[in-house]
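Below is coords17.txt, holding compact mmCIF, C-alpha atoms.
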```txt
# COMPACT_ATOMS: atom_id res chain seq x y z
CA MET D 34 111.36 144.25 1.58
CA ARG D 35 109.76 141.73 3.97
CA THR D 36 107.38 143.09 6.57
CA VAL D 37 105.87 141.40 9.63
CA ALA D 38 103.29 143.08 11.85
CA PRO D 39 100.93 140.46 13.29
CA TRP D 40 98.35 141.26 15.97
CA GLN D 41 100.37 140.86 19.19
CA ARG D 42 98.02 139.20 21.64
CA MET D 43 100.24 139.57 24.71
CA ASN D 44 100.70 143.31 24.21
CA PHE D 45 97.01 143.75 23.42
CA ALA D 46 95.95 141.76 26.52
CA ARG D 47 98.36 143.79 28.66
CA SER D 48 96.97 147.09 27.31
CA VAL D 49 93.34 146.00 27.92
CA GLY D 50 94.25 144.64 31.38
CA ILE D 51 95.90 147.89 32.45
CA PHE D 52 92.90 149.88 31.21
CA PHE D 53 90.50 147.53 33.04
CA VAL D 54 92.33 148.03 36.34
CA LEU D 55 92.47 151.82 35.83
CA VAL D 56 88.77 152.07 34.84
CA SER D 57 87.72 149.85 37.78
CA VAL D 58 89.74 151.88 40.29
CA ALA D 59 88.37 155.12 38.80
CA TRP D 60 84.79 153.79 39.01
CA ILE D 61 85.19 152.67 42.63
CA GLY D 62 86.89 155.96 43.55
CA ALA D 63 84.19 158.06 41.88
CA ASN D 64 81.42 156.03 43.55
CA TYR D 65 83.03 156.40 46.94
CA LEU D 66 83.57 160.14 46.55
CA ILE D 67 80.06 160.87 45.25
CA LEU D 68 77.83 158.19 46.82
CA LYS D 69 80.02 156.99 49.72
CA ASP D 70 79.32 153.46 48.46
CA PHE D 71 80.46 151.06 45.72
CA PHE D 72 78.01 150.05 43.04
CA ILE D 73 79.22 146.80 41.45
CA GLY D 74 77.11 144.59 39.20
CA TRP D 75 77.08 142.93 35.81
CA PRO D 76 76.13 146.12 33.92
CA VAL D 77 79.06 147.91 35.54
CA ILE D 78 81.52 145.10 34.73
CA VAL D 79 80.30 144.90 31.10
CA GLY D 80 80.56 148.70 30.82
CA ASN D 81 84.09 148.70 32.30
CA LEU D 82 85.13 145.87 29.96
CA THR D 83 83.77 147.76 26.94
CA VAL D 84 85.61 150.93 27.91
CA SER D 85 88.77 148.87 28.62
CA ILE D 86 88.67 147.12 25.24
CA VAL D 87 88.19 150.41 23.40
CA GLY D 88 90.87 152.19 25.45
CA GLY D 89 93.25 149.19 25.40
CA THR D 90 92.93 148.84 21.64
CA TRP D 91 93.73 152.53 21.19
CA TRP D 92 96.72 152.26 23.57
CA TYR D 93 97.97 149.09 21.85
CA ILE D 94 97.71 150.62 18.36
CA THR D 95 99.37 153.89 19.33
CA ARG D 96 102.11 152.53 21.64
CA HIS D 97 102.75 148.79 21.37
CA HIS D 98 101.95 147.39 17.93
CA ALA D 99 105.33 146.39 16.49
CA ARG D 100 106.03 146.45 12.76
CA PHE D 101 109.33 145.15 11.42
CA SER D 102 110.53 145.40 7.82
CA TRP D 103 113.88 144.28 6.48
CA ASP D 104 115.83 143.48 3.34
CA SER D 105 119.47 142.91 2.44
CA ASP D 106 120.37 146.59 3.05
CA GLY D 107 118.79 147.31 6.42
CA PHE D 108 115.67 147.33 8.50
CA GLU D 109 112.91 149.51 9.92
CA LEU D 110 111.24 148.96 13.27
CA GLN D 111 108.16 150.87 14.41
CA ARG D 112 106.34 150.67 17.74
CA GLY D 113 102.78 151.95 17.58
CA ARG D 114 102.63 155.37 15.95
CA THR D 115 106.04 156.48 17.19
CA SER D 116 108.61 157.43 14.58
CA PRO D 117 110.29 154.34 13.07
CA VAL D 118 113.89 153.34 13.83
CA THR D 119 115.81 152.76 10.61
CA ARG D 120 119.31 151.27 10.42
CA ARG D 121 121.53 149.75 7.76
CA TRP D 122 123.13 146.39 8.50
CA ASP D 123 126.54 148.14 8.17
CA ASP D 124 125.72 150.07 11.36
CA ILE D 125 125.43 146.85 13.39
CA SER D 126 128.52 145.50 15.12
CA GLN D 127 127.10 142.64 17.25
CA VAL D 128 123.91 140.60 17.24
CA SER D 129 122.62 138.85 20.33
CA LEU D 130 119.63 136.83 21.40
CA VAL D 131 117.95 138.17 24.55
CA HIS D 132 115.62 136.26 26.85
CA GLU D 133 113.13 138.82 28.19
CA GLY D 134 111.60 136.33 30.63
CA TYR D 135 108.63 133.95 30.50
CA GLY D 136 109.90 132.42 27.23
CA ARG D 137 109.79 135.70 25.32
CA PHE D 138 112.80 136.53 23.13
CA ALA D 139 114.18 139.54 21.31
CA VAL D 140 117.10 139.99 18.93
CA ARG D 141 119.36 142.81 20.09
CA LEU D 142 121.38 144.69 17.47
CA HIS D 143 124.37 146.51 18.96
CA THR D 144 126.00 149.45 17.22
CA ASP D 145 129.59 150.62 17.61
CA ASN D 146 128.64 153.51 19.89
CA GLU D 147 127.24 151.12 22.56
CA GLU D 148 123.60 151.70 21.62
CA PHE D 149 121.27 148.92 20.63
CA VAL D 150 117.94 148.30 18.92
CA GLU D 151 115.78 145.38 20.04
CA ILE D 152 113.62 143.48 17.58
CA PRO D 153 110.78 141.94 19.61
CA ALA D 154 110.89 138.55 17.89
CA SER D 155 108.31 136.87 20.15
CA ASP D 156 105.87 139.76 19.71
CA LEU D 157 106.30 139.45 15.95
CA THR D 158 105.74 135.65 16.16
CA LEU D 159 109.16 135.09 14.58
CA ASP D 160 111.52 132.30 15.63
CA ALA D 161 114.07 134.41 17.53
CA SER D 162 116.96 132.00 17.03
CA VAL D 163 116.35 131.72 13.27
CA LEU D 164 115.95 135.50 12.96
CA ARG D 165 119.19 135.99 14.89
CA PHE D 166 121.13 133.76 12.46
CA GLU D 167 119.52 135.47 9.46
CA VAL D 168 120.47 138.90 10.82
CA MET D 169 124.02 137.70 11.56
CA GLN D 170 124.35 136.60 7.93
CA LEU D 171 122.98 139.93 6.66
CA VAL D 172 125.38 141.87 8.90
CA ALA D 173 128.34 139.68 7.85
CA ALA D 174 127.44 140.02 4.16
CA ARG D 175 127.29 143.81 4.43
CA SER D 176 130.61 144.03 6.26
CA LEU D 177 132.51 141.95 3.67
CA PRO D 178 134.83 143.92 1.36
CA GLU D 179 133.46 144.60 -2.12
CA GLY D 180 134.04 141.74 -4.55
CA LEU D 181 133.60 139.07 -1.90
CA VAL D 182 130.27 137.35 -1.33
CA GLY D 183 128.81 135.94 1.85
CA PRO D 184 128.13 132.23 2.32
CA ARG D 185 124.46 132.59 1.37
CA GLU D 186 125.13 134.19 -1.99
CA GLU D 187 127.71 131.64 -3.14
CA MET X 1 124.37 116.12 15.99
CA ASP X 2 126.92 118.68 14.84
CA VAL X 3 128.51 121.38 17.00
CA ASN X 4 126.09 124.14 15.88
CA ASP X 5 123.02 122.01 16.66
CA TYR X 6 124.50 121.20 20.04
CA LEU X 7 125.22 124.87 20.80
CA VAL X 8 121.63 125.83 19.95
CA ARG X 9 120.45 123.18 22.45
CA LEU X 10 122.95 124.33 25.04
CA GLU X 11 121.80 127.93 24.59
CA ASP X 12 118.20 126.81 25.01
CA ASN X 13 119.12 124.84 28.13
CA LEU X 14 120.92 127.84 29.59
CA MET X 15 118.08 130.30 28.96
CA LEU X 16 115.02 128.11 29.46
CA GLY X 17 116.20 124.81 30.92
CA SER X 18 117.94 123.44 33.98
CA ALA X 19 120.61 126.17 34.09
CA ARG X 20 117.98 128.60 35.35
CA TRP X 21 118.41 127.00 38.80
CA THR X 22 121.98 128.28 38.78
CA ALA X 23 121.66 131.67 37.07
CA ASP X 24 119.35 133.71 34.87
CA PHE X 25 121.04 133.54 31.46
CA THR X 26 119.64 136.42 29.42
CA GLU X 27 121.89 137.43 26.53
CA SER X 28 123.65 135.19 24.03
CA PHE X 29 126.26 136.15 21.44
CA TRP X 30 127.58 133.87 18.70
CA GLU X 31 131.00 134.22 17.07
CA TYR X 32 132.03 136.64 19.80
CA PRO X 33 135.56 138.06 19.53
CA MET X 34 137.42 138.60 22.79
CA GLY X 35 141.11 139.43 22.59
CA ASP X 36 142.71 136.99 20.16
CA VAL X 37 139.97 134.39 20.64
CA VAL X 38 136.64 134.14 18.83
CA PHE X 39 134.23 132.17 20.99
CA ASP X 40 131.52 130.16 19.25
CA MET X 41 129.03 131.28 21.87
CA PHE X 42 129.08 133.59 24.87
CA VAL X 43 126.07 133.81 27.19
CA THR X 44 125.83 136.24 30.11
CA ALA X 45 123.73 135.87 33.25
CA THR X 46 123.00 137.28 36.64
CA VAL X 47 122.37 135.07 39.65
CA ARG X 48 119.47 137.25 40.80
CA PRO X 49 116.37 135.80 39.12
CA LYS X 50 113.50 137.67 37.48
CA GLY X 51 109.92 137.27 38.61
CA PHE X 52 106.78 139.06 39.63
CA PHE X 53 106.76 141.65 42.39
CA LEU X 54 107.11 139.38 45.46
CA SER X 55 109.72 137.14 43.77
CA LYS X 56 111.72 140.23 42.84
CA VAL X 57 111.59 141.55 46.40
CA ALA X 58 112.59 138.14 47.82
CA ALA X 59 115.46 137.82 45.30
CA TRP X 60 116.61 141.36 46.06
CA LEU X 61 116.67 140.65 49.80
CA THR X 62 118.24 137.18 49.70
CA THR X 63 120.41 136.85 46.58
CA PRO X 64 123.65 138.70 45.83
CA ASN X 65 123.62 140.36 42.42
CA TYR X 66 126.69 139.16 40.59
CA TYR X 67 127.27 138.29 36.96
CA VAL X 68 128.41 135.01 35.46
CA ALA X 69 128.98 133.75 31.91
CA CYS X 70 129.15 130.64 29.78
CA PHE X 71 131.62 130.39 26.90
CA ALA X 72 131.67 127.76 24.18
CA TYR X 73 134.79 127.19 22.12
CA SER X 74 135.10 124.42 19.57
CA GLN X 75 138.10 125.59 17.54
CA ASP X 76 140.71 123.85 19.69
CA PRO X 77 139.55 120.34 20.66
CA GLU X 78 143.15 119.24 21.37
CA LEU X 79 143.37 122.08 23.90
CA LYS X 80 146.71 123.24 22.52
CA HIS X 81 145.69 126.83 23.26
CA LEU X 82 143.82 126.19 26.51
CA HIS X 83 145.94 128.55 28.57
CA PRO X 84 145.49 131.59 26.29
CA VAL X 85 141.75 130.89 26.20
CA LEU X 86 141.59 130.61 29.99
CA ASN X 87 143.68 133.76 30.33
CA THR X 88 141.25 135.61 28.03
CA ILE X 89 138.30 134.46 30.16
CA ALA X 90 140.08 135.26 33.43
CA THR X 91 140.94 138.77 32.17
CA PHE X 92 137.32 139.28 31.12
CA LEU X 93 136.06 138.13 34.54
CA LYS X 94 138.39 140.52 36.30
CA GLN X 95 137.74 143.52 34.05
CA GLN X 96 133.95 143.13 33.91
CA GLU X 97 133.65 141.98 37.57
CA PHE X 98 132.01 138.67 36.71
CA ALA X 99 132.15 136.12 39.52
CA TRP X 100 132.74 132.92 37.57
CA ALA X 101 132.41 131.37 34.12
CA TRP X 102 131.88 128.07 32.39
CA LEU X 103 133.88 126.99 29.34
CA VAL X 104 132.29 124.29 27.18
CA VAL X 105 134.40 122.61 24.50
CA PRO X 106 132.20 120.49 22.20
CA GLN X 107 133.54 118.14 19.55
CA GLU X 108 132.10 115.47 17.23
CA GLY X 109 134.44 112.73 18.38
CA PRO X 110 136.58 111.62 21.33
CA PHE X 111 139.03 113.92 23.06
CA SER X 112 142.63 112.88 23.51
CA ARG X 113 143.76 111.48 26.85
CA LYS X 114 146.04 114.50 27.26
CA ALA X 115 143.14 116.93 26.79
CA LYS X 116 141.02 115.06 29.35
CA SER X 117 143.78 115.01 31.93
CA MET X 118 144.48 118.72 31.37
CA VAL X 119 140.85 119.55 32.16
CA GLN X 120 140.63 117.18 35.13
CA SER X 121 143.78 118.61 36.65
CA THR X 122 142.77 122.25 36.22
CA THR X 123 142.74 123.99 39.58
CA LEU X 124 140.98 127.23 38.60
CA ARG X 125 138.19 127.95 41.06
CA GLU X 126 136.30 130.57 39.05
CA ILE X 127 136.31 128.81 35.66
CA GLY X 128 134.56 125.47 35.22
CA ILE X 129 135.49 123.49 32.09
CA ALA X 130 133.64 120.68 30.32
CA LEU X 131 134.70 118.66 27.28
CA VAL X 132 131.64 117.33 25.46
CA ASP X 133 132.05 114.44 23.02
CA LEU X 134 128.93 114.70 20.85
CA SER X 135 129.29 111.26 19.27
CA SER X 136 129.57 109.21 22.48
CA GLN X 137 127.84 111.87 24.66
CA GLU X 138 130.70 111.62 27.15
CA VAL X 139 131.40 114.65 29.36
CA VAL X 140 134.70 115.31 31.10
CA ASN X 141 134.70 118.19 33.56
CA SER X 142 137.06 120.05 35.84
CA GLU X 143 136.80 119.13 39.50
CA SER X 144 136.15 122.60 40.89
CA HIS X 145 132.73 123.42 42.37
CA VAL X 146 131.87 125.54 39.30
CA GLY X 147 132.99 122.73 37.00
CA ARG X 148 130.91 120.06 38.75
CA ARG X 149 127.76 122.20 38.43
CA LEU X 150 128.30 122.31 34.68
CA VAL X 151 127.96 118.56 34.09
CA LYS X 152 124.16 118.31 34.15
CA ILE X 153 123.74 121.46 32.08
CA VAL X 154 125.93 120.37 29.17
CA ARG X 155 124.09 117.03 28.89
CA CYS X 156 121.48 118.38 26.49
CA PHE X 157 121.75 115.87 23.68
CA LYS X 158 118.01 115.13 23.17
```

Could you show the structure in this file as structure tokens?
Amino acid sequence: MRTVAPWQRMNFARSVGIFFVLVSVAWIGANYLILKDFFIGWPVIVGNLTVSIVGGTWWYITRHHARFSWDSDGFELQRGRTSPVTRRWDDISQVSLVHEGYGRFAVRLHTDNEEFVEIPASDLTLDASVLRFEVMQLVAARSLPEGLVGPREE
Amino acid sequence: MDVNDYLVRLEDNLMLGSARWTADFTESFWEYPMGDVVFDMFVTATVRPKGFFLSKVAAWLTTPNYYVACFAYSQDPELKHLHPVLNTIATFLKQQEFAWAWLVVPQEGPFSRKAKSMVQSTTLREIGIALVDLSSQEVVNSESHVGRRLVKIVRCFK
């Protein structure tokens, strides 16, 4: 089974950025409520950044870090520490390439009951178009009747 | 360049290239069955663009939110089954409430004179058609407004 789970810089930067904004707003709010003034200086910024990096890293690891494993039978996708989504290629009826904006792509796997699972190809530093064609071949190979082989296995 | 290479470039041009000025193409299917026809590629879009907060507000206030699509079909370069294909697309547009669609027919070689004249004489307003000869890089399009907008987008040979 192949597994990809690289450090996803965009998701990490987003997590740290959100924490930095929240910590800064909380600091300013607390200062205003207690001292009726804002205390801003390099020590405060460095302290906020440290807290943001620690908090952002925790948030990224528990919520956003994507891990994708697949073989010829199916795949498993996990986001952070949430429970993994596991499907067999037989369950997939359509495969599509989705542009999420700003040049980021995902491969969307549609099932017969109008649900879908999205593989965040750009987050996983995979070539989305190549992954899409590979998945299409895996799905086609699994949906062939027994005795027949897909084009890749010929 | 073969048809598959061309379709990958066309898909890229729709999602990331010049087609973004026309619509925001977001989802692309390959080998997509629709009725009796299996399209090589089918890409859906909305004309309301994405963006950050202010762009989203501006788009929401100024742009109608309707859906459009681009179909690619290379199985019938002689256009013997053009009418069933157009009927399939027209039915899809009506059922799914899409406003208009493009149909791109790529081929590695010249199209017959009959096929070219069929496309040029098409009077459909909501379906724009382009025949793309990949060897000579010649494009023949339908004369509707939707068809004329397609010309620049299908010229993605490099």

- prompt: Out of D:Thr158, D:Ser48, D:Gln170, D:Val79, which residue has the shortest atom-to-atom distance to D:Arg96 when counting all atoms listed in the file?
  reply: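 Comparing D:Thr158, D:Ser48, D:Gln170, D:Val79 against D:Arg96, the winner is D:Ser48.
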
query: Taking all atoms listed in the file into account, which of D:His132, D:Arg47, D:His143, D:Arg35 comes nearest D:His98?
result: D:Arg47

message: Measuring between all atoms listed in the file, which one of X:Glu97, X:Asp2, X:Glu143, X:Asp12 shows the shortest distance to chain D?
response: X:Asp12

message: When you look at D:Pro117 with a cut-off of 10 Å (counting only C-alpha atoms), what residues show up, excluding the ones that are within fewer than 6 positions of it in the same chain? I need them as a PyMOL selection string.
response: chain D and resi 99-101+108-111

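If you measure from each of X:Tyr6, X:Tyr67, X:Phe111, X:Trp21 to X:Lys94 using only C-alpha atoms, the closest one turns out to be X:Tyr67.
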
- prompt: How far is it from atom CA of D:Arg141 to atom CA of D:Gly50, in Å with one decimal?
  reply: 27.6 Å

task: Report the distance between atom CA of X:Pro106 and atom CA of X:Val151 in Å, rounded to one decimal place.
output: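 Interatomic distance, atom CA of X:Pro106 to atom CA of X:Val151: 12.8 Å.
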
- request: Would you mind listing what lies within 8 Å of stretch 163-169 of chain D as a ChimeraX atom specification, with only C-alpha atoms counted and same-chain residues fewer than 2 positions away left out?
  value: /D:128-130,140,154,159-161,171-173

Dump as a PDB file with C-alpha atoms, keeping the file's coordinate frame the residues of chain X that approach chain D to within 7 Å, counting all atoms listed in the file.
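And here is the file that came out, out29.pdb:
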```pdb
ATOM      1  CA  MET X  15     118.080 130.300  28.960  1.00  0.00           C
ATOM      2  CA  THR X  26     119.640 136.420  29.420  1.00  0.00           C
ATOM      3  CA  GLU X  27     121.890 137.430  26.530  1.00  0.00           C
ATOM      4  CA  SER X  28     123.650 135.190  24.030  1.00  0.00           C
ATOM      5  CA  PHE X  29     126.260 136.150  21.440  1.00  0.00           C
TER       6      PHE X  29
END
```

Counting all atoms listed in the file, the option among D:Val84, D:Gln41, D:Pro76, D:Arg137 closest to D:Ala59: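 Closest to D:Ala59 of all the choices is D:Val84.
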
- prompt: How far is it from atom CA of X:Val85 to atom CA of X:Ile129, in Å with one decimal?
  reply: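 Computing the Euclidean distance for atom CA of X:Val85 and atom CA of X:Ile129 yields 11.3 Å.
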
Could you pull out every residue with an atom within 8 Å of (107.9, 139.8, 7.6), file coordinates, counting all atoms listed in the file, and send them as a short mmCIF file (atom, residue, chain, number, x, y, z; two decimals) with C-alpha atoms, keeping the file's coordinate frame?
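Writing the result to part-v7.cif gives the following:
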```
data_model
loop_
_atom_site.label_atom_id
_atom_site.label_comp_id
_atom_site.auth_asym_id
_atom_site.auth_seq_id
_atom_site.Cartn_x
_atom_site.Cartn_y
_atom_site.Cartn_z
CA ARG D 35 109.76 141.73 3.97
CA THR D 36 107.38 143.09 6.57
CA VAL D 37 105.87 141.40 9.63
CA ALA D 38 103.29 143.08 11.85
CA PHE D 101 109.33 145.15 11.42
CA SER D 102 110.53 145.40 7.82
CA TRP D 103 113.88 144.28 6.48
#
```

- prompt: Could you list as a ChimeraX atom specification every residue that has an atom within 9 Å of (132.1, 135.2, 19.5), using the file's coordinates and counting all atoms listed in the file?
  reply: /X:29-34,37-42,71-73

Using all atoms of stretch 154-167 of chain D that appear in the file, construct an axis-aligned enclosing box with 4 Å of padding on every side and provide its centre coordinates and edge lengths in Å, rounded to one decimal, as JSON.
```
{"center_x": 113.4, "center_y": 135.7, "center_z": 14.8, "size_x": 23.4, "size_y": 16.0, "size_z": 18.7}
```

query: Hey, what's within 10 Å of stretch 60-63 of chain D if we count all atoms listed in the file and toss same-chain stuff fewer than 6 positions away? As a list of chain:residue names, please?
result: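 Contacts, in chain order: D:Val54, D:Lys69, D:Asp70, D:Phe71, D:Phe72, D:Ile73, D:Val77, D:Asn81.
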
message: Which residue is closest to X:Ser117? Choose from X:Cys156, X:Leu79, X:Leu150, X:Val47 and count all atoms listed in the file.
response: X:Leu79

message: When you look at X:Asp24 with a cut-off of 9 Å (counting all atoms listed in the file), what residues show up, excluding the ones that are within fewer than 5 positions of it in the same chain? I need them as JSON, numbers by chain.
response: {"X": [14, 15, 16, 19, 44, 45, 46, 47, 48, 49, 50]}
